[in-house]
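> Quick one: this structure, given as structure tokens, is what I'll be asking you about.
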Amino acid sequence: MEMIKVEDLAFEYIRRDEDGNVESINRAIDGVTIDVKKGDFVAILGANGSGKSTLAKHINAILYPTEGIVWVNGMDTKDDKNLWDIRQTAGMVFQNPDNQIIATVVEEDVGFGPENLGIPSKEIWERVEKSLEAVGMLEYRTHSPNKLSGGQKQRVAIAGIMAMKPACIVLDEPTAMLDPDGRKEVISTVRTLNKKEKVTVLLITHHMDEVIYADRVIVMNEGHVVMQGTPKEIFSRVDEVKSYRLDVPQVTELAYELTKAGLNLPEGILSVEEFVTALNQLSR
Amino acid sequence: MIRDITIGQYYPANSVIHRLDPRLKLVGTFLFIISLFTFNTFYGYIAVTLFLVSVIKVSKVPFRFIARGLKAVVVILLFTVTFNLFLTPGDPIFKLGFLKITREGLRFAAFMGIRLMFLILGSSLMTFTTTPNQLTDGLEKLLWPLRHIKVPVHEIAMMMSIALRFIPILLEETDKIMKAQMARGADFESGGILKRAKSLIPLLVPLFVSAFRRANDLAMAMEARCYRGGEGRTKMKPLRYHGRDYVAYLILLLYIAILITVRILEGLL
């Protein structure tokens, strides 16, 4: 069954001057159709201005489609009475960790979502504990978020979403403001949640190394979906990926260049181990 | 350095006063302040002093810590005392040129000074023993009935707690912008007041811009987490009165009763 189904979505940012006349229309998304199955880990790749964040905001009903329909777990996001159900079903994690933490204590911030849903206090405590444990931040529960590192803050933000028991998490460039260590922390947390808690994950990013674990990768460019497939399929088309102002993982690129130079390597190598095995086989 | 600044000046300690319900502490402080201004006899003040001293003792907050709050109001204190001393009409006991001190003036000045000092001590004791979060929670709960006359109680409390959360972040940001501007030759330290105030403008503009951007982001993040105002919201840590709170209320009542008795007795004498 589909968790998220987007059909022919188009969205226009309309800029108006002081009198309310339309000054310019920017079509950020045009004719996007995707579906994400329950339990999937889907990554959306795209350079700046490709419309990937705009797409993410549609799934949480922060933006409404100009044309087309977005369904989240069978609910139409345009329908106002579904709004809170949709936001609970598809939790959203944003880019800046500081600007999405509300409380001055970690555990109170995680409790913020369930509080909004009107969950009884006792259950909030259970949920807070469980979700902090799931992201590995339980020992920091009474800390102030100001003293945490970027990666830790982002994990707290993820725990805050998990405490609402969503079926799906949308992460809008959650690692863009983090250092490499923080990035690894966040991505491995997300992978664990996907595997253990069976949460559907929609990861929006422009870091290539983060998408190689995804079940499926969707590449966007200038508001359109231009490529879809498993990471292997996507990264075996190095030239095409590069034409959308995106990089491929370093290993993949090296393997690709070696193939071009005449070595007989398999296509779409994603990890160092894979590359080493392939080279070993070649030398035999 | 700058990120260690705590607003509200909470002093962590393990005392009964710290553990009391914030609502009680708010009501108590309020009653205490009223009691300061309703009673103006010598024995009344002895009762007030005893009460304040014993509460401070129980709270385990060092006295010099609380007394620090007095520094901020020294000027106001001096003003009040001086004006009361010289300008109260009555029976003169000292005269120098046009200045005269009257018996009433002396009494009035002393009482006024003590009142102001106690007021500061009492209210700072509250902020020392209550975390900002508890204070906002307590305030929200206490003012809750006001929502019937359309006072946005929940919204006010939410704004207060978000402000508390962002104070250190904005301080850090100010620090960052300041350093960035100093690296490019900006001068925040020399010159008169006017010049220094002017040099703050290039600091404040980017700070405001970023504060608004943060506000926008935060509002979106809150909505994404199903925030829709106070309606139908539950609390993770709801305020609940415990045995000690009832005892404290009793003590408070007793205190007021004693003051009233003192006043009545003195009226009779």
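Note on naming: chains are A, B, ... as they come in the structure tokens, residues start from 1 per chain, ligands start from 1 in the order shown.
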Using only C-alpha atoms, which chain A residues lie at most 7 Å away from chain B, written as number ranges by chain?

A: 60, 84, 87-88, 91-92, 99-100, 102-104, 111, 113, 115-121, 124-125

> Name the residues of segment 8-255 of chain B that fall into strand (DSSP E or B) according to DSSP on the backbone, using the chain letters and numbers of this document, as a list in words.

Pro92, Ile93, Phe94, Lys95, Leu96, Leu99, Lys100, Ile101 and Thr102 of chain B

> If I take atom CA of Glu67 of chain A and atom CA of Thr54 of chain A, how far is one from the other in Å, to one decimal?

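Atom CA of Glu67 of chain A sits 13.6 Å away from atom CA of Thr54 of chain A.
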
> Using only C-alpha atoms, which residues sit within 12 Å of Leu270 of chain A once same-chain residues fewer than 3 positions away are excluded, as a compact mmCIF listing (two decimals) with N, CA, C and O atoms, in the first residue's frame?


```txt
# COMPACT_ATOMS: atom_id res chain seq x y z
N MET A 208 25.46 12.90 -1.46
CA MET A 208 25.33 11.60 -2.12
C MET A 208 25.50 10.43 -1.16
O MET A 208 24.78 9.45 -1.25
N ASP A 209 26.45 10.56 -0.23
CA ASP A 209 26.76 9.41 0.63
C ASP A 209 25.55 8.99 1.45
O ASP A 209 25.48 7.89 1.97
N GLU A 210 24.57 9.91 1.61
CA GLU A 210 23.44 9.60 2.46
C GLU A 210 22.38 8.78 1.73
O GLU A 210 21.51 8.19 2.38
N VAL A 211 22.44 8.77 0.42
CA VAL A 211 21.35 8.12 -0.31
C VAL A 211 21.69 6.68 -0.68
O VAL A 211 20.81 5.94 -1.14
N ILE A 212 22.94 6.25 -0.48
CA ILE A 212 23.30 4.91 -0.96
C ILE A 212 22.61 3.81 -0.17
O ILE A 212 22.52 2.68 -0.61
N TYR A 213 22.07 4.16 1.02
CA TYR A 213 21.35 3.15 1.81
C TYR A 213 19.86 3.11 1.48
O TYR A 213 19.13 2.30 2.01
N ALA A 214 19.41 4.04 0.68
CA ALA A 214 17.98 4.14 0.40
C ALA A 214 17.51 2.97 -0.47
O ALA A 214 18.29 2.38 -1.21
N THR A 230 16.89 2.40 -7.98
CA THR A 230 17.71 2.06 -6.81
C THR A 230 19.00 2.87 -6.91
O THR A 230 19.37 3.34 -7.99
N PRO A 231 19.68 3.05 -5.76
CA PRO A 231 20.95 3.80 -5.82
C PRO A 231 21.89 3.26 -6.90
O PRO A 231 22.55 4.02 -7.60
N LYS A 232 21.94 1.94 -7.04
CA LYS A 232 22.81 1.33 -8.05
C LYS A 232 22.45 1.80 -9.45
O LYS A 232 23.32 2.18 -10.24
N GLU A 233 21.18 1.76 -9.74
CA GLU A 233 20.73 2.19 -11.08
C GLU A 233 21.06 3.65 -11.33
O GLU A 233 21.52 4.02 -12.40
N ILE A 234 20.81 4.47 -10.29
CA ILE A 234 21.04 5.90 -10.47
C ILE A 234 22.52 6.19 -10.69
O ILE A 234 22.91 6.88 -11.64
N PHE A 235 23.36 5.59 -9.84
CA PHE A 235 24.76 5.95 -9.90
C PHE A 235 25.54 5.23 -10.98
O PHE A 235 26.74 5.47 -11.15
N SER A 236 24.88 4.35 -11.70
CA SER A 236 25.58 3.79 -12.85
C SER A 236 25.48 4.75 -14.03
O SER A 236 26.17 4.60 -15.03
N VAL A 238 26.53 7.96 -14.30
CA VAL A 238 27.30 9.06 -13.73
C VAL A 238 27.14 10.37 -14.51
O VAL A 238 26.89 11.43 -13.93
N VAL A 248 28.47 12.37 -7.65
CA VAL A 248 28.26 10.97 -7.31
C VAL A 248 29.26 10.65 -6.20
O VAL A 248 30.26 11.36 -6.06
N PRO A 249 29.01 9.59 -5.39
CA PRO A 249 29.99 9.26 -4.35
C PRO A 249 31.38 9.06 -4.97
O PRO A 249 31.50 8.59 -6.11
N GLN A 250 32.40 9.38 -4.21
CA GLN A 250 33.78 9.35 -4.73
C GLN A 250 34.15 7.99 -5.32
O GLN A 250 34.73 7.92 -6.40
N VAL A 251 33.81 6.92 -4.60
CA VAL A 251 34.16 5.57 -5.07
C VAL A 251 33.52 5.30 -6.42
O VAL A 251 34.15 4.75 -7.33
N THR A 252 32.25 5.69 -6.50
CA THR A 252 31.52 5.46 -7.74
C THR A 252 32.19 6.17 -8.90
O THR A 252 32.37 5.63 -9.99
N GLU A 253 32.62 7.41 -8.62
CA GLU A 253 33.25 8.18 -9.67
C GLU A 253 34.58 7.57 -10.11
O GLU A 253 34.87 7.46 -11.31
N LEU A 254 35.34 7.11 -9.11
CA LEU A 254 36.63 6.49 -9.41
C LEU A 254 36.43 5.26 -10.28
O LEU A 254 37.10 5.09 -11.31
N ALA A 255 35.47 4.43 -9.85
CA ALA A 255 35.19 3.21 -10.61
C ALA A 255 34.76 3.56 -12.03
O ALA A 255 35.18 2.93 -13.01
N TYR A 256 33.95 4.59 -12.13
CA TYR A 256 33.45 5.01 -13.44
C TYR A 256 34.59 5.46 -14.35
O TYR A 256 34.69 5.06 -15.51
N PRO A 266 32.16 -3.70 -12.72
CA PRO A 266 30.69 -3.65 -12.80
C PRO A 266 30.20 -2.21 -12.64
O PRO A 266 30.89 -1.37 -12.07
N GLU A 267 28.97 -1.95 -13.08
CA GLU A 267 28.43 -0.60 -13.00
C GLU A 267 27.86 -0.30 -11.62
O GLU A 267 27.46 -1.21 -10.90
N GLU A 273 34.03 -1.28 0.01
CA GLU A 273 34.14 -2.75 0.07
C GLU A 273 33.82 -3.37 -1.28
O GLU A 273 34.54 -4.25 -1.78
N GLU A 274 32.73 -2.86 -1.85
CA GLU A 274 32.29 -3.37 -3.14
C GLU A 274 33.39 -3.18 -4.20
O GLU A 274 33.68 -4.06 -4.99
N PHE A 275 34.00 -2.01 -4.13
CA PHE A 275 35.03 -1.65 -5.08
C PHE A 275 36.24 -2.57 -4.93
O PHE A 275 36.78 -3.08 -5.92
N VAL A 276 36.60 -2.82 -3.66
CA VAL A 276 37.76 -3.68 -3.39
C VAL A 276 37.49 -5.10 -3.92
O VAL A 276 38.35 -5.69 -4.59
N THR A 277 36.30 -5.61 -3.64
CA THR A 277 35.96 -6.95 -4.12
C THR A 277 36.06 -7.01 -5.64
O THR A 277 36.62 -7.96 -6.22
N ALA A 278 35.52 -5.98 -6.28
CA ALA A 278 35.53 -5.96 -7.75
C ALA A 278 36.95 -5.94 -8.28
O ALA A 278 37.29 -6.66 -9.22
```
